[in-house]
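**Student:** Quick one: the structure is below, and I'll ask about it shortly.
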Number of protein chains: 2
Amino acid sequence: MPPDDNSKELEVGELYSVLKRRGYFWPSFEIYGGVAGFVDLGPLGSLIRENIEGIWKDKFLLEEGFHLVDCPSINPEVVFAASGHLEKFSDLLVRCSSCLLPFRADHLLEDLIENPDALGKDELAAALKENDIRCPECSSELGGPEEFNLMFSTFIGPGKEKLAYLRPETAQSIFMDFNSLYRYNRDRMPFGVAQIGKGFRNEISPRQGMLRLREFHMAEGEFFFDPDDPSFKGAGRYLDLEVGLLASSDPGSTIHTTLGKATDEGIIGSRLLAHFLGVTHSFATSIGIPAGGMRFRQHLPSEMAHYARDCWDLEVITSNGWVEMVGVADRSAYDLNQHAKASGVDLRARRKFDEPIVREISRLQPKMKEMGPIFRGDAKALGEALESLDPKNLKDHISSREPITVTLRGKEVEIPSNCYELVEGQERIHVEPFTPNVIEPSFGIDRLMVSVLEHAYRESDTSPKGGESEDGTYRVLRLDPRVAPVKAGVFPLLNKDDLPELASPLNDRLRRRGLNTYYDVSGSIGRRYARMDEIGTPFCITIDHQSVEDGSATVRERDSGEQVRVPIEGMVDLIEDLCRGRVSFENL
Amino acid sequence: MPPDDNSKELEVGELYSVLKRRGYFWPSFEIYGGVAGFVDLGPLGSLIRENIEGIWKDKFLLEEGFHLVDCPSINPEVVFAASGHLEKFSDLLVRCSSCLLPFRADHLLEDLIENPDALGKDELAAALKENDIRCPECSSELGGPEEFNLMFSTFIGPGKEKLAYLRPETAQSIFMDFNSLYRYNRDRMPFGVAQIGKGFRNEISPRQGMLRLREFHMAEGEFFFDPDDPSFKGAGRYLDLEVGLLASSDPGSTIHTTLGKATDEGIIGSRLLAHFLGVTHSFATSIGIPAGGMRFRQHLPSEMAHYARDCWDLEVITSNGWVEMVGVADRSAYDLNQHAKASGVDLRARRKFDEPIVREISRLQPKMKEMGPIFRGDAKALGEALESLDPKNLKDHISSREPITVTLRGKEVEIPSNCYELVEGQERIHVEPFTPNVIEPSFGIDRLMVSVLEHAYRESDTSPKGGESEDGTYRVLRLDPRVAPVKAGVFPLLNKDDLPELASPLNDRLRRRGLNTYYDVSGSIGRRYARMDEIGTPFCITIDHQSVEDGSATVRERDSGEQVRVPIEGMVDLIEDLCRGRVSFENL
């Protein structure tokens, strides 16, 4: 059962100092005093991140069949003008009138009013005044709130002609590439596209360590479907999964039910949305977030992103309380429509009918004979742009025979009235264009990584079997073997007596199989176990004097401290099978 | 044997249109007319890139033991002021005085003089004048050449106080993190650190498709070692490897010799440099670049990067001639020294002696009793900064008892003369600090990907066994199975007769094993083979009527067109073993 909403925060004790000391992550640019919102992943952090992304890929690419893409972080301005980020992706900022320091306006109202981040500009201004908020640094008066766009800007090429931004999400390139991706999928619907990469948000004053970074890792999926036929493969897979839901209609209470029932009862808007909540839940479980430590919370209308029609966040309980890890948003046809309008390129799929159907149609038919001489090489593209317009929105232009403005590659072009005609009536059609709708599961990988580490962490005053703490506190990261950065410690009991001659080649063989190991010859064996437990290594192999005699070695399991003795010859297969979950340690 | 330097360019025929059509890559922002220097990797390109990076990680992380890190792309200005990129990482630009278009000055002199990119500003100005170069667009006069810094700039946080740049290489964060990484390696030398990620270069006018991108994928390794003891594990591994070398002392002729002999004869400067040429060569071979299509070329002094003491490029023959893919540079102690100086943080390792040795010493000893009251919390760090200075460079200050300026977190601080004393004489020491030297192998992943595809491509008028071309030309990508984005096609011969009921679960089982497949039920079987051959899929599994009877299926190998019939039950293991190279198809 998921915990109640007032469930206690996680006890993470010394975890963060362990993570820094042992090489999971540390602040970036530390030698220059650091810059808030940037973090370096050290050797263990880099690997755990890759392992989490690997499991994500198994889930989304191999199981759900998404296609992967990889596109630039730098995008020209036109992209975010179309997507709405230029206008709407901002936070409200206030500056101190005296020391000029900038603050996020809603942060200054925390603990004073509820959900200050849901307030608009005028409401925030009023609330700041009402509560007599002054500069937290120098107590002077604050200026009024102003919109601050959260995208990092730069210029492409010499000079300042080509303004560009670092992407705040990876999604836009997938929408821009819709036609190529639809073709790749052989003109079939539905299909999903995924991208894993960096996102960038120029936060005004980032706090909360790893939870709010200015440069972060994300993994996003965009699932395109026909709104008239939202059927998809694997539709039944998660119907029986029990989850905790906080619906926007009653944001105070968590409902515990199955995804199937929640959809039937209209709590979740569609089977497809419910499916991706299931995929998300299943992924989070598989990397080590306990089902009892997560819930889905529906966005209130006031907090929805500008592109979303509906959105459910996967929230995980952390030492900072419940924190959003994943957003599963219904973006409708918003983005494809916006890019089609801004670029003049038709970004629609085609619905095919086995039997022709009769439709009332109303469309603008380009007259290519007239357009050719005027527009030359652009005539075909302009004709397509014209055809993709909805005449309903252009009634006045058409009736008064005014030119119609279409956009081609970001530039507006006027099409005179002799170049088109309005075609209306009934048509028997085999194929009908439509703009696909999109469900987007969007994952914050850094946050998930930290949550996994928090949920895996245990500390105790007593050492487990075999382990020997250096300072009286014993620390263990109970990471899933697929998530753990190091799969096995390899230890010759002594650094002599032919033991390294057995241990070192075994270490090499494990690494050739793709298994990351940690070879350690120094200190007592108990200390070596403790070092590995502290970073989450699931198995430790010890080569001792009996190994020289009979070719066996011990394997110790992290969480139980139990050891078994097995032949060195089959060790590589055994460790691989243990890590992949094909064999369980208890059954050895 | 490597080919001669005048070896013919590769014939790549229709390759690039195949790659675009089939989803390897395409220009970014195409719906908005595109922006030069940016490319999207489609579904197949994203996977082949990941596969190439996976093999790189096997090589560098698991075999060579490098530690992986993952750090921000955005870095504050101070980083690149220290690294020298702010001052020196630029190209020379000329602008047309009339149409104002910018051009790379050296590009305008290509085909007119040799190696124009090696010329300095004044030489270029003279050469442009001498050759009467005018604007290629409007033939007007050009302005004089000016330095254009190739880093993209942005600002962190609101306002324009915190200038920052997108990293032009991933290396700098590894140098800044030296102390944490040295501690992670338990204060032992030597060790390597790797980073895989995006690099950004704001090229003036990028051309050459994938070869010169503004945003690109790179994989870099920094190997830190003690210049007094450059021994390392695996030193003998590549001594017998035969390579082609173009030394800067005789840049006109390729020497064919082993890496061991080339080092002994002084052609390659050190065993360590030779080792990483060997690692590079071995990696390039394993992703599918034929040994005969590559050579190492030593940089001329005039083309060396500002941080490099020596550099050898791996060049690969491509349809654009010989192109640099990897640079293996000796960066000496340049970067660590620069960051130590700029930050005031000691970035040195410690050499330990079993027996104490006697050294002439000369150092500044901070007087903490005096410093404490003046500098409070910063006293310790300032004392360390003082100690890391070399008194030889401060003779005048010390003798005249002037304050000494040290840098702390990027800020200059004056230390008055009563806070330090000069200690000179002989000292018996067990431990001695030193600044490690660095060898850096730096890989351009996008270029390598394209080279692999070019070398793998074959086209022919005749179809191989089983294959059936759609348009008369048969196209095959002979990719190594580990590199190929799709490992197996899975085809029910007909989409009925219980064949999909056998094929679809097999497809699922292959994907659960992590093997990417392409399930295809449409078109003739010959066409389906041809589609897979064209994207480089090494194996195709066909389920036919005999499969229903006896549980067998055929496996077809791409390059030979041969087929064998094997039991479906062992198919997943078989395909995995074939892809990993554990089993060869001919022996089935």
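Labeling convention for the structure tokens: chains A, B, ... as they appear, residues from 1 per chain, ligands from 1 in order of appearance.
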With a cut-off of 6 Å and counting only C-alpha atoms, select all residues of chain A in contact with chain B and give the selection as a list in words.

**Tutor:**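 Taking only C-alpha atoms into account, Ile31, Tyr32, Gly33, Asp40, Leu41, Gly42, Pro43, Ser46, Leu62, His67, Leu68, Val69, Asp70, Cys71, Ser153, Thr154, Gly157, Asn202, Ile204, Ser343, Arg409, Gly410 and Arg511 of chain A sit within 6 Å of chain B.
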
**Student:** Export, as an mmCIF file, in the first residue's frame, the selected residues with C-alpha atoms.

**Tutor:**
```cif
data_model
loop_
_atom_site.group_PDB
_atom_site.id
_atom_site.type_symbol
_atom_site.label_atom_id
_atom_site.label_comp_id
_atom_site.auth_asym_id
_atom_site.auth_seq_id
_atom_site.Cartn_x
_atom_site.Cartn_y
_atom_site.Cartn_z
ATOM 1 C CA ILE A 31 37.966 24.964 -7.430
ATOM 2 C CA TYR A 32 36.429 28.275 -8.543
ATOM 3 C CA GLY A 33 33.910 28.385 -5.709
ATOM 4 C CA ASP A 40 29.472 16.762 -11.806
ATOM 5 C CA LEU A 41 28.787 13.054 -11.878
ATOM 6 C CA GLY A 42 31.892 11.250 -10.667
ATOM 7 C CA PRO A 43 32.935 7.714 -11.662
ATOM 8 C CA SER A 46 28.234 8.412 -14.287
ATOM 9 C CA LEU A 62 12.802 -2.695 -26.735
ATOM 10 C CA HIS A 67 12.356 4.865 -31.929
ATOM 11 C CA LEU A 68 15.353 6.726 -30.505
ATOM 12 C CA VAL A 69 16.583 10.059 -31.882
ATOM 13 C CA ASP A 70 19.413 12.360 -30.887
ATOM 14 C CA CYS A 71 19.187 16.034 -31.819
ATOM 15 C CA SER A 153 20.373 32.175 -25.102
ATOM 16 C CA THR A 154 23.324 32.296 -27.487
ATOM 17 C CA GLY A 157 27.759 32.013 -36.197
ATOM 18 C CA ASN A 202 18.385 29.041 -16.465
ATOM 19 C CA ILE A 204 16.808 32.289 -11.166
ATOM 20 C CA SER A 343 6.979 26.554 -40.825
ATOM 21 C CA ARG A 409 10.496 28.114 -43.588
ATOM 22 C CA GLY A 410 9.666 30.734 -40.993
ATOM 23 C CA ARG A 511 35.590 -7.055 -17.392
#
```

**Student:** Got a sec: who's within 7 Å of Ser460 of chain A, counting only C-alpha atoms, leaving out chain neighbours fewer than 2 positions off, as a list in words?

**Tutor:**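 The residues that qualify are Arg458, Thr462, Thr473, Tyr474 and Arg475 of chain A.
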
**Student:** Take the residues just selected and output them with all heavy atoms as a JSON list (two decimals), in the first residue's frame.

**Tutor:**
```
[["chain", "number", "residue", "atom", "x", "y", "z"],
["A", 458, "ARG", "N", 21.06, 2.42, 3.78],
["A", 458, "ARG", "CA", 20.85, 1.98, 5.16],
["A", 458, "ARG", "C", 22.12, 2.29, 5.95],
["A", 458, "ARG", "O", 23.23, 2.10, 5.44],
["A", 458, "ARG", "CB", 20.67, 0.46, 5.23],
["A", 458, "ARG", "CG", 19.59, -0.12, 4.36],
["A", 458, "ARG", "CD", 18.19, 0.12, 4.94],
["A", 458, "ARG", "NE", 17.18, -0.55, 4.13],
["A", 458, "ARG", "CZ", 16.70, -0.07, 2.98],
["A", 458, "ARG", "NH1", 17.12, 1.07, 2.50],
["A", 458, "ARG", "NH2", 15.79, -0.76, 2.29],
["A", 462, "THR", "N", 25.92, -1.53, 13.81],
["A", 462, "THR", "CA", 26.55, -2.84, 13.82],
["A", 462, "THR", "C", 26.87, -3.27, 12.40],
["A", 462, "THR", "O", 26.14, -2.97, 11.46],
["A", 462, "THR", "CB", 25.60, -3.89, 14.44],
["A", 462, "THR", "OG1", 24.37, -3.85, 13.71],
["A", 462, "THR", "CG2", 25.35, -3.57, 15.90],
["A", 473, "THR", "N", 30.18, 3.31, 12.06],
["A", 473, "THR", "CA", 28.90, 3.33, 11.34],
["A", 473, "THR", "C", 29.03, 2.47, 10.09],
["A", 473, "THR", "O", 29.98, 2.65, 9.33],
["A", 473, "THR", "CB", 28.52, 4.76, 10.93],
["A", 473, "THR", "OG1", 28.49, 5.58, 12.11],
["A", 473, "THR", "CG2", 27.15, 4.79, 10.27],
["A", 474, "TYR", "N", 28.09, 1.55, 9.91],
["A", 474, "TYR", "CA", 28.15, 0.70, 8.73],
["A", 474, "TYR", "C", 27.11, 1.19, 7.72],
["A", 474, "TYR", "O", 25.94, 1.36, 8.06],
["A", 474, "TYR", "CB", 27.88, -0.77, 9.10],
["A", 474, "TYR", "CG", 28.46, -1.70, 8.07],
["A", 474, "TYR", "CD1", 29.77, -2.19, 8.21],
["A", 474, "TYR", "CD2", 27.74, -2.07, 6.94],
["A", 474, "TYR", "CE1", 30.33, -3.01, 7.26],
["A", 474, "TYR", "CE2", 28.31, -2.90, 5.98],
["A", 474, "TYR", "CZ", 29.60, -3.37, 6.14],
["A", 474, "TYR", "OH", 30.17, -4.18, 5.19],
["A", 475, "ARG", "N", 27.57, 1.45, 6.48],
["A", 475, "ARG", "CA", 26.69, 2.03, 5.47],
["A", 475, "ARG", "C", 26.55, 1.09, 4.28],
["A", 475, "ARG", "O", 27.54, 0.57, 3.78],
["A", 475, "ARG", "CB", 27.28, 3.35, 4.97],
["A", 475, "ARG", "CG", 27.55, 4.34, 6.08],
["A", 475, "ARG", "CD", 28.31, 5.55, 5.62],
["A", 475, "ARG", "NE", 28.87, 6.26, 6.76],
["A", 475, "ARG", "CZ", 30.06, 5.99, 7.31],
["A", 475, "ARG", "NH1", 30.84, 5.04, 6.81],
["A", 475, "ARG", "NH2", 30.46, 6.66, 8.36]]
```

**Student:** Running DSSP on the backbone, which parts of segment 107-211 of chain A land in helix (DSSP H, G or I), as a PyMOL selection string?

**Tutor:** chain A and resi 107-109+116-118+121-130+171-176+178-184+209-211

**Student:** Atom CA of Met218 of chain A and atom CA of Ile196 of chain A are how many Å apart?

**Tutor:**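 If I compute the distance from atom CA of Met218 of chain A to atom CA of Ile196 of chain A, I get 5.8 Å.
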
**Student:** Record the distance separating atom CA of Tyr519 of chain B and atom CA of Ile52 of chain A, expressed in Å with one decimal.

**Tutor:** 26.5 Å

**Student:** One decimal, in Å: what's the spacing between atom CA of Leu213 of chain A and atom CA of Phe443 of chain A?

**Tutor:**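 Answer for the atom CA of Leu213 of chain A to atom CA of Phe443 of chain A separation: 13.9 Å.
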
**Student:** So that I can check the surroundings of Glu424 of chain B, please list as a ChimeraX atom specification every protein, DNA and RNA residue that reaches within 9 Å of it, counting only C-alpha atoms and ignoring chain neighbours fewer than 4 positions away.

**Tutor:** /B:360-364

**Student:** Can you tell me, as an mmCIF file with N, CA and C atoms, in the first residue's frame, which residues in segment 210-309 of chain B count as strand (DSSP E or B) by DSSP?

**Tutor:**
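Now in selection12.cif:
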```cif
data_model
loop_
_atom_site.group_PDB
_atom_site.id
_atom_site.type_symbol
_atom_site.label_atom_id
_atom_site.label_comp_id
_atom_site.auth_asym_id
_atom_site.auth_seq_id
_atom_site.Cartn_x
_atom_site.Cartn_y
_atom_site.Cartn_z
ATOM 1 N N GLU B 215 27.710 21.298 -33.170
ATOM 2 C CA GLU B 215 27.428 20.544 -31.949
ATOM 3 C C GLU B 215 27.691 19.086 -32.281
ATOM 4 N N PHE B 216 28.568 18.445 -31.531
ATOM 5 C CA PHE B 216 29.016 17.127 -31.953
ATOM 6 C C PHE B 216 29.252 16.234 -30.732
ATOM 7 N N HIS B 217 29.354 14.935 -31.001
ATOM 8 C CA HIS B 217 29.592 13.957 -29.937
ATOM 9 C C HIS B 217 31.073 13.666 -29.847
ATOM 10 N N MET B 218 31.589 13.705 -28.631
ATOM 11 C CA MET B 218 32.992 13.360 -28.481
ATOM 12 C C MET B 218 33.199 12.411 -27.313
ATOM 13 N N ALA B 219 34.300 11.704 -27.357
ATOM 14 C CA ALA B 219 34.687 10.819 -26.260
ATOM 15 C C ALA B 219 36.153 11.102 -26.005
ATOM 16 N N GLU B 220 36.444 11.514 -24.771
ATOM 17 C CA GLU B 220 37.822 11.902 -24.482
ATOM 18 C C GLU B 220 38.347 11.151 -23.272
ATOM 19 N N GLY B 221 39.626 10.869 -23.309
ATOM 20 C CA GLY B 221 40.294 10.279 -22.165
ATOM 21 C C GLY B 221 41.458 11.170 -21.758
ATOM 22 N N GLU B 222 41.656 11.330 -20.453
ATOM 23 C CA GLU B 222 42.825 12.072 -19.947
ATOM 24 C C GLU B 222 43.582 11.100 -19.050
ATOM 25 N N PHE B 223 44.789 10.772 -19.453
ATOM 26 C CA PHE B 223 45.588 9.825 -18.679
ATOM 27 C C PHE B 223 46.651 10.607 -17.909
ATOM 28 N N PHE B 224 46.519 10.611 -16.579
ATOM 29 C CA PHE B 224 47.433 11.353 -15.700
ATOM 30 C C PHE B 224 48.579 10.449 -15.261
ATOM 31 N N PHE B 225 49.808 10.950 -15.358
ATOM 32 C CA PHE B 225 50.949 10.116 -14.950
ATOM 33 C C PHE B 225 52.069 10.990 -14.388
ATOM 34 N N ASP B 226 52.940 10.322 -13.671
ATOM 35 C CA ASP B 226 54.102 10.982 -13.079
ATOM 36 C C ASP B 226 55.201 11.053 -14.139
ATOM 37 N N ASP B 229 58.061 8.864 -13.612
ATOM 38 C CA ASP B 229 57.843 7.414 -13.597
ATOM 39 C C ASP B 229 56.655 7.076 -14.493
ATOM 40 N N GLU B 242 51.491 -3.039 -36.214
ATOM 41 C CA GLU B 242 51.994 -2.286 -37.373
ATOM 42 C C GLU B 242 51.062 -1.148 -37.721
ATOM 43 N N VAL B 243 51.620 0.040 -37.885
ATOM 44 C CA VAL B 243 50.809 1.209 -38.227
ATOM 45 C C VAL B 243 51.496 2.016 -39.311
ATOM 46 N N GLY B 244 50.751 2.918 -39.933
ATOM 47 C CA GLY B 244 51.319 3.890 -40.861
ATOM 48 C C GLY B 244 51.505 5.205 -40.140
ATOM 49 N N LEU B 245 52.708 5.791 -40.236
ATOM 50 C CA LEU B 245 53.009 7.024 -39.505
ATOM 51 C C LEU B 245 53.499 8.097 -40.460
ATOM 52 N N LEU B 246 52.954 9.291 -40.307
ATOM 53 C CA LEU B 246 53.439 10.467 -41.034
ATOM 54 C C LEU B 246 54.044 11.406 -40.006
ATOM 55 N N ILE B 255 55.598 6.134 -42.993
ATOM 56 C CA ILE B 255 56.468 5.061 -42.534
ATOM 57 C C ILE B 255 55.596 3.912 -42.064
ATOM 58 N N HIS B 256 55.879 2.705 -42.514
ATOM 59 C CA HIS B 256 55.140 1.547 -42.029
ATOM 60 C C HIS B 256 56.025 0.770 -41.074
ATOM 61 N N THR B 257 55.651 0.766 -39.798
ATOM 62 C CA THR B 257 56.499 0.120 -38.800
ATOM 63 C C THR B 257 55.635 -0.254 -37.598
ATOM 64 N N THR B 258 56.250 -0.896 -36.599
ATOM 65 C CA THR B 258 55.479 -1.209 -35.393
ATOM 66 C C THR B 258 55.603 -0.054 -34.410
ATOM 67 N N MET B 294 43.683 3.595 -42.542
ATOM 68 C CA MET B 294 44.018 4.606 -41.532
ATOM 69 C C MET B 294 45.518 4.811 -41.383
ATOM 70 N N ARG B 295 45.884 5.954 -40.842
ATOM 71 C CA ARG B 295 47.279 6.293 -40.592
ATOM 72 C C ARG B 295 47.323 7.320 -39.458
ATOM 73 N N PHE B 296 48.483 7.458 -38.835
ATOM 74 C CA PHE B 296 48.661 8.496 -37.814
ATOM 75 C C PHE B 296 49.521 9.616 -38.401
ATOM 76 N N ARG B 297 49.070 10.840 -38.231
ATOM 77 C CA ARG B 297 49.830 11.980 -38.748
ATOM 78 C C ARG B 297 50.182 12.918 -37.599
ATOM 79 N N GLN B 298 51.461 13.218 -37.470
ATOM 80 C CA GLN B 298 51.911 14.106 -36.396
ATOM 81 C C GLN B 298 51.668 15.569 -36.784
#
```
